[in-house]
>>> print(open('protein.cif').read())   # mmCIF, C-alpha atoms and all ligand atoms
data_structure
#
loop_
_atom_site.label_atom_id
_atom_site.label_comp_id
_atom_site.auth_asym_id
_atom_site.auth_seq_id
_atom_site.Cartn_x
_atom_site.Cartn_y
_atom_site.Cartn_z
CA MET A 181 0.11 -29.68 -22.10
CA LYS A 182 -1.69 -30.36 -18.82
CA THR A 183 -0.01 -33.79 -18.40
CA GLY A 184 3.32 -32.11 -19.20
CA HIS A 185 2.74 -29.62 -16.40
CA THR A 186 1.76 -32.34 -13.95
CA THR A 187 4.85 -34.43 -14.77
CA MET A 188 7.06 -31.37 -14.36
CA ARG A 189 5.48 -30.65 -11.00
CA LYS A 190 5.95 -34.25 -9.80
CA LEU A 191 9.58 -34.06 -10.82
CA ARG A 192 9.95 -30.76 -9.03
CA SER A 193 8.37 -32.07 -5.86
CA ALA A 194 10.93 -34.93 -5.87
CA VAL A 195 13.78 -32.42 -6.24
CA MET A 196 12.38 -30.28 -3.41
CA LYS A 197 12.85 -33.17 -0.99
CA LEU A 198 16.64 -33.06 -1.44
CA PRO A 199 18.79 -31.35 1.21
CA LEU A 200 18.92 -27.52 1.06
CA MET A 201 15.70 -27.55 -0.90
CA LEU A 202 12.50 -25.77 0.00
CA THR A 203 9.01 -26.61 -1.10
CA CYS A 204 7.20 -23.74 -2.82
CA ARG A 205 5.01 -23.44 0.26
CA GLU A 206 8.11 -22.93 2.44
CA PHE A 207 9.57 -20.57 -0.15
CA GLU A 208 6.45 -18.41 0.22
CA ASP A 209 7.34 -17.66 3.86
CA PHE A 210 10.66 -16.11 2.77
CA VAL A 211 9.29 -13.82 0.07
CA LEU A 212 8.72 -10.70 2.16
CA ASP A 213 12.12 -10.88 3.91
CA TYR A 214 13.70 -11.42 0.51
CA PHE A 215 12.27 -8.14 -0.78
CA GLU A 216 13.00 -6.33 2.50
CA GLY A 217 16.61 -7.44 2.27
CA THR A 218 16.37 -9.06 5.70
CA LEU A 219 16.82 -12.70 4.70
CA PRO A 220 19.77 -14.26 6.60
CA THR A 221 22.61 -15.46 4.30
CA LYS A 222 21.86 -19.17 4.62
CA GLN A 223 18.16 -18.70 3.86
CA HIS A 224 19.07 -16.40 1.00
CA VAL A 225 21.17 -19.13 -0.61
CA ILE A 226 18.38 -21.69 -0.16
CA PHE A 227 15.89 -19.18 -1.57
CA ASP A 228 18.08 -18.56 -4.64
CA ILE A 229 18.53 -22.29 -5.27
CA HIS A 230 14.78 -22.79 -5.22
CA LEU A 231 14.31 -19.88 -7.57
CA MET A 232 16.80 -21.40 -9.98
CA VAL A 233 15.02 -24.72 -10.24
CA CYS A 234 11.40 -23.60 -9.88
CA HIS A 235 9.75 -21.99 -12.86
CA ASP A 236 6.43 -21.43 -11.07
CA CYS A 237 8.05 -19.49 -8.21
CA ARG A 238 10.08 -17.40 -10.68
CA SER A 239 6.89 -16.49 -12.49
CA TYR A 240 5.07 -15.80 -9.21
CA LEU A 241 7.88 -13.63 -7.86
CA ALA A 242 8.09 -11.60 -11.07
CA ALA A 243 4.35 -10.88 -11.00
CA TYR A 244 4.46 -10.09 -7.27
CA GLN A 245 7.32 -7.63 -7.76
CA ARG A 246 5.62 -6.12 -10.77
CA SER A 247 2.35 -5.49 -8.97
CA VAL A 248 4.11 -3.83 -6.01
CA ALA A 249 6.05 -1.60 -8.42
CA LEU A 250 2.93 -0.78 -10.40
CA SER A 251 0.80 0.17 -7.39
CA LYS A 252 3.58 2.37 -5.97
CA ALA A 253 4.07 4.05 -9.34
CA VAL A 254 0.35 4.65 -9.88
CA PHE A 255 0.04 6.47 -6.56
CA GLU A 256 3.25 8.45 -7.08
CA ARG A 257 1.83 9.62 -10.36
CA LEU A 258 -1.52 10.53 -8.82
CA GLU A 259 0.28 12.70 -6.29
CA ASP A 260 2.67 14.41 -8.63
CA PRO A 261 1.74 17.15 -9.16
CA VAL A 262 -0.88 17.51 -6.43
CA PRO A 263 -4.00 15.90 -7.88
CA GLY A 264 -6.17 18.86 -8.79
CA ASP A 265 -7.67 21.38 -6.43
CA VAL A 266 -9.31 20.64 -3.14
CA PRO A 267 -13.10 20.71 -3.60
CA GLU A 268 -14.46 24.18 -2.79
CA ASP A 269 -17.28 22.84 -0.63
CA LEU A 270 -14.74 20.99 1.53
CA VAL A 271 -12.74 24.21 2.09
CA GLU A 272 -15.94 25.95 3.16
CA ALA A 273 -17.03 23.04 5.35
CA ILE A 274 -13.74 22.98 7.24
CA ILE A 275 -13.72 26.75 7.82
CA ALA A 276 -17.36 26.65 8.93
CA ALA A 277 -16.62 23.77 11.31
CA LYS A 278 -13.71 25.70 12.82
CA ASP A 279 -15.84 28.82 13.32
CA GLU A 280 -18.54 26.67 14.86
CA ARG A 281 -16.07 25.11 17.27
CA TYR A 282 -14.65 28.50 18.25
CA ARG A 283 -18.13 29.84 18.93
CA ARG A 284 -18.83 26.93 21.23
CA THR A 285 -15.62 27.21 23.23
CA MET B 28 9.39 11.13 4.42
CA SER B 29 11.87 14.01 4.64
CA GLU B 30 11.20 17.29 2.84
CA PRO B 31 13.56 19.93 1.53
CA THR B 32 14.79 22.41 4.15
CA GLU B 33 13.34 25.37 2.26
CA GLN B 34 9.98 24.10 3.46
CA ILE B 35 10.92 25.01 7.02
CA ALA B 36 10.38 28.71 6.32
CA VAL B 37 6.85 27.93 5.16
CA ASN B 38 6.27 25.85 8.28
CA GLN B 39 7.21 28.59 10.67
CA ASP B 40 4.99 30.82 8.66
CA TYR B 41 2.06 28.55 9.36
CA ALA B 42 2.96 28.24 12.98
CA ALA B 43 3.27 31.99 13.43
CA ASP B 44 0.12 32.62 11.52
CA GLY B 45 -1.98 29.82 12.96
CA ASN B 46 -5.23 31.23 11.70
CA ASP B 47 -4.30 30.84 8.08
CA LEU B 48 -6.38 27.72 7.86
CA GLU B 49 -7.70 28.44 4.42
CA ARG B 50 -4.24 28.75 2.93
CA ALA B 51 -3.18 25.45 4.50
CA ILE B 52 -6.27 23.76 3.11
CA ARG B 53 -5.71 25.12 -0.38
CA GLU B 54 -2.03 24.18 -0.37
CA HIS B 55 -2.27 20.64 1.00
CA GLY B 56 -5.97 19.73 1.06
CA ALA B 57 -6.04 17.91 -2.27
CA ALA B 58 -3.07 15.73 -1.37
CA MET B 59 -4.49 15.04 2.11
CA LEU B 60 -7.82 14.07 0.61
CA TRP B 61 -5.99 11.48 -1.50
CA VAL B 62 -4.29 10.09 1.57
CA ALA B 63 -7.65 9.77 3.33
CA ARG B 64 -9.29 8.19 0.28
CA ARG B 65 -6.55 5.60 0.02
CA LEU B 66 -6.87 4.64 3.66
CA LEU B 67 -10.65 4.78 4.01
CA GLY B 68 -11.77 3.78 0.53
CA ASN B 69 -14.87 5.94 0.89
CA GLU B 70 -15.38 9.53 -0.28
CA ASP B 71 -17.66 10.76 2.53
CA GLU B 72 -15.41 9.39 5.24
CA ALA B 73 -12.34 10.74 3.47
CA ARG B 74 -13.81 14.27 3.61
CA GLU B 75 -14.82 13.83 7.23
CA CYS B 76 -11.29 12.67 7.97
CA VAL B 77 -9.62 15.63 6.25
CA GLN B 78 -11.92 18.05 8.04
CA GLU B 79 -11.19 16.49 11.44
CA ALA B 80 -7.46 16.40 10.72
CA TYR B 81 -7.31 20.10 9.80
CA LEU B 82 -9.28 21.12 12.87
CA LEU B 83 -7.00 19.01 15.04
CA ALA B 84 -3.87 20.34 13.33
CA PHE B 85 -4.88 23.95 13.91
CA ALA B 86 -5.97 23.28 17.47
CA LYS B 87 -2.47 22.04 18.23
CA ILE B 88 -0.49 24.20 15.84
CA ALA B 89 1.49 25.50 18.82
CA SER B 90 2.94 22.02 19.30
CA PHE B 91 4.23 21.98 15.74
CA GLU B 92 7.96 22.47 16.14
CA GLY B 93 9.00 22.66 12.52
CA ARG B 94 11.23 19.62 12.81
CA SER B 95 9.43 18.09 9.84
CA SER B 96 7.66 19.97 7.11
CA PHE B 97 4.15 21.15 7.83
CA ARG B 98 2.94 18.78 5.15
CA THR B 99 4.61 15.74 6.76
CA TRP B 100 3.19 16.73 10.13
CA LEU B 101 -0.28 17.15 8.63
CA HIS B 102 0.06 13.84 6.76
CA ARG B 103 0.62 12.01 10.02
CA ILE B 104 -2.43 13.68 11.58
CA VAL B 105 -4.55 12.65 8.58
CA VAL B 106 -3.30 9.06 8.83
CA ASN B 107 -4.00 8.94 12.58
CA THR B 108 -7.47 10.42 12.10
CA ALA B 109 -8.22 7.90 9.35
CA LEU B 110 -7.12 5.03 11.57
CA GLY B 111 -9.33 6.38 14.36
CA LEU B 112 -12.29 6.43 12.00
CA LEU B 113 -11.54 2.87 10.92
CA ARG B 114 -11.44 1.70 14.52
CA LYS B 115 -14.77 3.40 15.15
CA ARG B 116 -16.24 1.68 12.12
CA LYS B 117 -15.66 -1.71 13.75
CA ARG B 118 -17.00 -3.26 10.60
CA LYS B 119 -16.98 -7.01 10.56
CA GLU B 120 -14.50 -8.30 8.05
CA THR B 121 -16.64 -10.48 5.85
CA GLU B 122 -14.43 -10.52 2.78
CA SER B 123 -11.90 -13.29 2.87
CA LEU B 124 -8.45 -13.20 1.42
CA ASP B 125 -8.26 -16.97 0.94
CA ASP B 126 -9.27 -17.05 -2.70
CA LEU B 127 -6.59 -14.52 -3.55
CA LEU B 128 -3.65 -16.25 -1.87
CA PRO B 129 -1.14 -18.47 -3.73
CA VAL B 130 -2.24 -21.98 -4.66
CA PHE B 131 -0.14 -25.08 -3.91
CA ASP B 132 -0.74 -28.73 -4.79
CA SER B 133 -0.73 -31.54 -2.23
CA ASP B 134 3.09 -31.75 -2.41
CA GLY B 135 3.46 -28.07 -1.55
CA CYS B 136 4.28 -27.19 -5.17
CA ARG B 137 3.10 -23.85 -6.53
CA VAL B 138 0.58 -23.80 -9.34
CA GLU B 139 1.35 -20.60 -11.23
CA PRO B 140 0.85 -19.54 -14.85
CA SER B 141 3.88 -18.36 -16.77
CA TRP B 142 3.50 -14.59 -16.86
CA ARG B 143 4.69 -12.33 -19.66
CA PHE B 144 5.13 -8.61 -19.17
CA ASN B 145 5.04 -7.27 -22.69
CA GLU B 146 4.21 -3.69 -21.83
CA PRO B 147 6.83 -1.53 -20.07
CA LEU B 148 5.71 -0.19 -16.68
CA GLU B 149 6.06 3.40 -17.86
CA ARG B 150 3.62 2.83 -20.70
CA MET B 151 1.13 1.03 -18.47
CA LEU B 152 1.09 4.07 -16.19
CA GLU B 153 -0.20 6.23 -19.02
CA ARG B 154 -3.34 4.11 -19.27
CA ASN B 155 -6.39 5.30 -17.34
CA ASP B 156 -7.77 1.77 -17.12
CA VAL B 157 -4.57 0.61 -15.38
CA GLN B 158 -4.87 3.39 -12.78
CA ASN B 159 -8.49 2.42 -12.23
CA ILE B 160 -7.78 -1.29 -11.87
CA VAL B 161 -4.96 -0.65 -9.38
CA CYS B 162 -7.04 1.76 -7.28
CA ARG B 163 -10.12 -0.46 -7.30
CA SER B 164 -8.09 -3.57 -6.50
CA ILE B 165 -6.48 -1.95 -3.47
CA ALA B 166 -9.79 -0.49 -2.32
CA SER B 167 -11.42 -3.93 -2.47
CA LEU B 168 -8.89 -5.65 -0.17
CA PRO B 169 -10.16 -6.51 3.33
CA GLU B 170 -9.64 -3.52 5.59
CA SER B 171 -6.91 -4.82 7.89
CA TYR B 172 -4.81 -5.78 4.87
CA ARG B 173 -5.57 -2.68 2.80
CA ILE B 174 -4.43 -0.40 5.62
CA VAL B 175 -1.09 -2.14 6.01
CA LEU B 176 -0.47 -2.11 2.26
CA ALA B 177 -1.39 1.58 2.07
CA LEU B 178 0.83 2.58 5.00
CA ARG B 179 3.83 0.58 3.84
CA ASP B 180 3.76 0.66 0.05
CA ILE B 181 1.98 3.92 -0.64
CA GLU B 182 2.34 6.29 2.29
CA GLY B 183 5.97 5.28 2.80
CA TYR B 184 5.98 4.25 6.47
CA ASP B 185 8.37 1.49 7.52
CA THR B 186 7.33 -1.65 9.39
CA ALA B 187 8.03 -0.21 12.86
CA GLU B 188 6.12 3.01 12.12
CA ALA B 189 3.16 1.09 10.71
CA ALA B 190 3.17 -1.16 13.80
CA THR B 191 3.06 1.91 16.08
CA LEU B 192 0.26 3.55 14.11
CA LEU B 193 -1.81 0.35 14.17
CA GLU B 194 -0.89 -0.51 17.76
CA THR B 195 0.42 -3.94 16.86
CA ASN B 196 3.80 -5.66 16.38
CA ALA B 197 6.16 -5.88 13.43
CA GLY B 198 5.39 -9.56 12.80
CA VAL B 199 1.70 -8.82 12.24
CA ILE B 200 2.56 -5.98 9.87
CA LYS B 201 4.90 -8.17 7.82
CA THR B 202 2.45 -11.05 7.54
CA ARG B 203 -0.39 -8.74 6.51
CA LEU B 204 1.78 -6.85 4.07
CA HIS B 205 2.89 -10.02 2.33
CA ARG B 206 -0.65 -11.37 2.10
CA ALA B 207 -2.01 -8.04 0.90
CA ARG B 208 0.65 -7.89 -1.81
CA ALA B 209 -0.02 -11.49 -2.84
CA ALA B 210 -3.75 -10.75 -3.04
CA LEU B 211 -3.14 -7.57 -5.00
CA LYS B 212 -0.91 -9.50 -7.41
CA LYS B 213 -3.79 -11.92 -7.96
CA LYS B 214 -6.21 -9.06 -8.63
CA LEU B 215 -3.80 -7.44 -11.10
CA GLU B 216 -3.21 -10.63 -13.09
CA PRO B 217 -5.60 -9.56 -15.89
CA LEU B 218 -3.02 -6.89 -16.73
CA TRP B 219 -0.35 -9.44 -17.72
CA SER B 220 -0.49 -12.07 -20.44
CA ARG B 221 0.05 -15.78 -20.05
CA GLY B 222 2.95 -17.39 -21.90
CA GLU B 223 3.66 -21.07 -22.59
CA LEU B 224 5.92 -23.01 -20.26
ZN ZN A 301 8.61 -23.07 -6.21
#
>>> encode(input="protein.cif", output="structure tokens")
Amino acid sequence: MKTGHTTMRKLRSAVMKLPLMLTCREFEDFVLDYFEGTLPTKQHVIFDIHLMVCHDCRSYLAAYQRSVALSKAVFERLEDPVPGDVPEDLVEAIIAAKDERYRRT
Amino acid sequence: MSEPTEQIAVNQDYAADGNDLERAIREHGAAMLWVARRLLGNEDEARECVQEAYLLAFAKIASFEGRSSFRTWLHRIVVNTALGLLRKRKRKETESLDDLLPVFDSDGCRVEPSWRFNEPLERMLERNDVQNIVCRSIASLPESYRIVLALRDIEGYDTAEAATLLETNAGVIKTRLHRARAALKKKLEPLWSRGEL
């Protein structure tokens, strides 16, 4: 399987040298703009072509997208509804600190 | 970051009744503590941050114009206070992101396993271990990257807003965000399974 992978990669690296082709390393620089929707049309086309021929970048991009979605969703869930009550000692500490500040000024 | 207009009434309430600190803490304190925890990654500092932010908010309650909701206004003060604390920390960044960034061979080809996502996102969210792994993974990112990821992907600021808050430019924010996401992806890989090519 390992030799299979290596041969595939060699083949891929030959394809990447053709016109309108990116290497995976160059592709990496476009990833953020791709997700932000700010990739200029020409770069977008080149990006899509690479994605079509490159299994490793497809897999990478899927996992990248998935981890962004998961982390956003985890925090949305933690906030909704408001995560529990505010600790009582913190409420008291803030009120005490305010009184303290007022006394000083 | 916009809030429903019905909130406005509540806001003016707070503004008119500036001494109702306790009510403001009870209504928003838990959420603000989460914001501070996410940015600071440390419980003691998160509490210190929330305390400072509330004192600051009530000291300048007169300048609150009700154009955003009280909560949004307070959120921004918490974020700013947290960033101030981080600047004060001036901790040397010893952790490196290098081991977590994508790997390429000598031809510039990516070396990536073939990922399978067998479990729907909704079901993963139900799992406590998933929540823990995500929170711990974000908390363990080097500070300058964690902050950008938290501001952009979690707190909902855009690139320009994050750049203003961190006193830097959009290019820096974008580079850090991409690297932070790539590193987070690497840390979350144990959650997916590997398929055959
Ligand atoms: Zn590729």
>>> closest_residue(input="protein.cif", among="B:Cys162, B:Met59, B:Glu79, B:Trp219", to="His102 in chain B", atoms="all atoms listed in the file")
B:Met59
>>> closest_atom_pairs(input="protein.cif", of="chain A", to="ligand ZN 301 (chain A)", cutoff="8 Å", atoms="only C-alpha atoms and all ligand atoms", output="JSON lines")
{"residue": "A:Leu202", "atom": "CA", "partner": "A:ZN301", "partner_atom": "ZN", "distance": 7.8}
{"residue": "A:Thr203", "atom": "CA", "partner": "A:ZN301", "partner_atom": "ZN", "distance": 6.2}
{"residue": "A:Cys204", "atom": "CA", "partner": "A:ZN301", "partner_atom": "ZN", "distance": 3.7}
{"residue": "A:Arg205", "atom": "CA", "partner": "A:ZN301", "partner_atom": "ZN", "distance": 7.4}
{"residue": "A:Phe207", "atom": "CA", "partner": "A:ZN301", "partner_atom": "ZN", "distance": 6.6}
{"residue": "A:His230", "atom": "CA", "partner": "A:ZN301", "partner_atom": "ZN", "distance": 6.3}
{"residue": "A:Leu231", "atom": "CA", "partner": "A:ZN301", "partner_atom": "ZN", "distance": 6.7}
{"residue": "A:Val233", "atom": "CA", "partner": "A:ZN301", "partner_atom": "ZN", "distance": 7.7}
{"residue": "A:Cys234", "atom": "CA", "partner": "A:ZN301", "partner_atom": "ZN", "distance": 4.6}
{"residue": "A:His235", "atom": "CA", "partner": "A:ZN301", "partner_atom": "ZN", "distance": 6.8}
{"residue": "A:Asp236", "atom": "CA", "partner": "A:ZN301", "partner_atom": "ZN", "distance": 5.6}
{"residue": "A:Cys237", "atom": "CA", "partner": "A:ZN301", "partner_atom": "ZN", "distance": 4.1}
{"residue": "A:Arg238", "atom": "CA", "partner": "A:ZN301", "partner_atom": "ZN", "distance": 7.4}
>>> atom_distance(input="protein.cif", atom1="CA of Glu49 in chain B", atom2="CA of Ile275 in chain A")
7.1 Å
>>> residues_around(input="protein.cif", residues="Val105 in chain B", least_positions_apart="5", cutoff="10 Å", atoms="all atoms listed in the file", output="mmCIF file with C-alpha atoms, in the frame of the given file")
data_model
loop_
_atom_site.group_PDB
_atom_site.id
_atom_site.type_symbol
_atom_site.label_atom_id
_atom_site.label_comp_id
_atom_site.auth_asym_id
_atom_site.auth_seq_id
_atom_site.Cartn_x
_atom_site.Cartn_y
_atom_site.Cartn_z
ATOM 1 C CA MET B 59 -4.490 15.040 2.110
ATOM 2 C CA LEU B 60 -7.820 14.070 0.610
ATOM 3 C CA VAL B 62 -4.290 10.090 1.570
ATOM 4 C CA ALA B 63 -7.650 9.770 3.330
ATOM 5 C CA LEU B 66 -6.870 4.640 3.660
ATOM 6 C CA ALA B 73 -12.340 10.740 3.470
ATOM 7 C CA CYS B 76 -11.290 12.670 7.970
ATOM 8 C CA VAL B 77 -9.620 15.630 6.250
ATOM 9 C CA GLN B 78 -11.920 18.050 8.040
ATOM 10 C CA GLU B 79 -11.190 16.490 11.440
ATOM 11 C CA ALA B 80 -7.460 16.400 10.720
ATOM 12 C CA TYR B 81 -7.310 20.100 9.800
ATOM 13 C CA LEU B 83 -7.000 19.010 15.040
ATOM 14 C CA ALA B 84 -3.870 20.340 13.330
ATOM 15 C CA THR B 99 4.610 15.740 6.760
ATOM 16 C CA TRP B 100 3.190 16.730 10.130
ATOM 17 C CA LEU B 110 -7.120 5.030 11.570
ATOM 18 C CA GLY B 111 -9.330 6.380 14.360
#
>>> closest_residue(input="protein.cif", among="B:Ser95, B:Ser220, B:Thr195, B:Thr108", to="chain A", atoms="all atoms listed in the file")
B:Ser220
>>> interface_residues(input="protein.cif", of="chain B", to="chain A", cutoff="6 Å", atoms="all atoms listed in the file", output="list in words")
Gly56, Ala57, Ala58, Gln78, Gly135, Cys136, Arg137, Glu139, Ser141, Trp142, Ile181, His205 and Lys212 of chain B
>>> residues_around(input="protein.cif", residues="Tyr184 in chain B", least_positions_apart="2", cutoff="12 Å", atoms="only C-alpha atoms", output="VMD selection string")
chain B and resid 28 to 29 99 102 to 103 106 174 to 182 186 to 193 200
>>> atom_distance(input="protein.cif", atom1="CA of Arg64 in chain B", atom2="CA of Ala166 in chain B")
9.1 Å
>>> residues_around(input="protein.cif", residues="Pro217 in chain B", least_positions_apart="3", cutoff="12 Å", atoms="all atoms listed in the file", output="mmCIF file with C-alpha atoms, in the frame of the given file")
data_model
loop_
_atom_site.group_PDB
_atom_site.id
_atom_site.type_symbol
_atom_site.label_atom_id
_atom_site.label_comp_id
_atom_site.auth_asym_id
_atom_site.auth_seq_id
_atom_site.Cartn_x
_atom_site.Cartn_y
_atom_site.Cartn_z
ATOM 1 C CA ALA A 243 4.350 -10.880 -11.000
ATOM 2 C CA SER A 247 2.350 -5.490 -8.970
ATOM 3 C CA PRO B 140 0.850 -19.540 -14.850
ATOM 4 C CA TRP B 142 3.500 -14.590 -16.860
ATOM 5 C CA ARG B 143 4.690 -12.330 -19.660
ATOM 6 C CA PHE B 144 5.130 -8.610 -19.170
ATOM 7 C CA ASP B 156 -7.770 1.770 -17.120
ATOM 8 C CA VAL B 157 -4.570 0.610 -15.380
ATOM 9 C CA ILE B 160 -7.780 -1.290 -11.870
ATOM 10 C CA VAL B 161 -4.960 -0.650 -9.380
ATOM 11 C CA SER B 164 -8.090 -3.570 -6.500
ATOM 12 C CA LEU B 211 -3.140 -7.570 -5.000
ATOM 13 C CA LYS B 212 -0.910 -9.500 -7.410
ATOM 14 C CA LYS B 213 -3.790 -11.920 -7.960
ATOM 15 C CA LYS B 214 -6.210 -9.060 -8.630
ATOM 16 C CA SER B 220 -0.490 -12.070 -20.440
ATOM 17 C CA ARG B 221 0.050 -15.780 -20.050
#
>>> atom_distance(input="protein.cif", atom1="CA of Phe215 in chain A", atom2="CA of Pro169 in chain B")
22.9 Å
>>> axis_aligned_box(input="protein.cif", around="range 227-245 of chain A", padding_each_side="5 Å", output="JSON")
{"center_x": 11.4, "center_y": -16.2, "center_z": -7.2, "size_x": 24.2, "size_y": 27.1, "size_z": 21.3}
>>> closest_residue(input="protein.cif", among="B:Glu170, B:Asp47, B:Glu54, B:Asp185", to="Ala207 in chain B", atoms="all atoms listed in the file")
B:Glu170
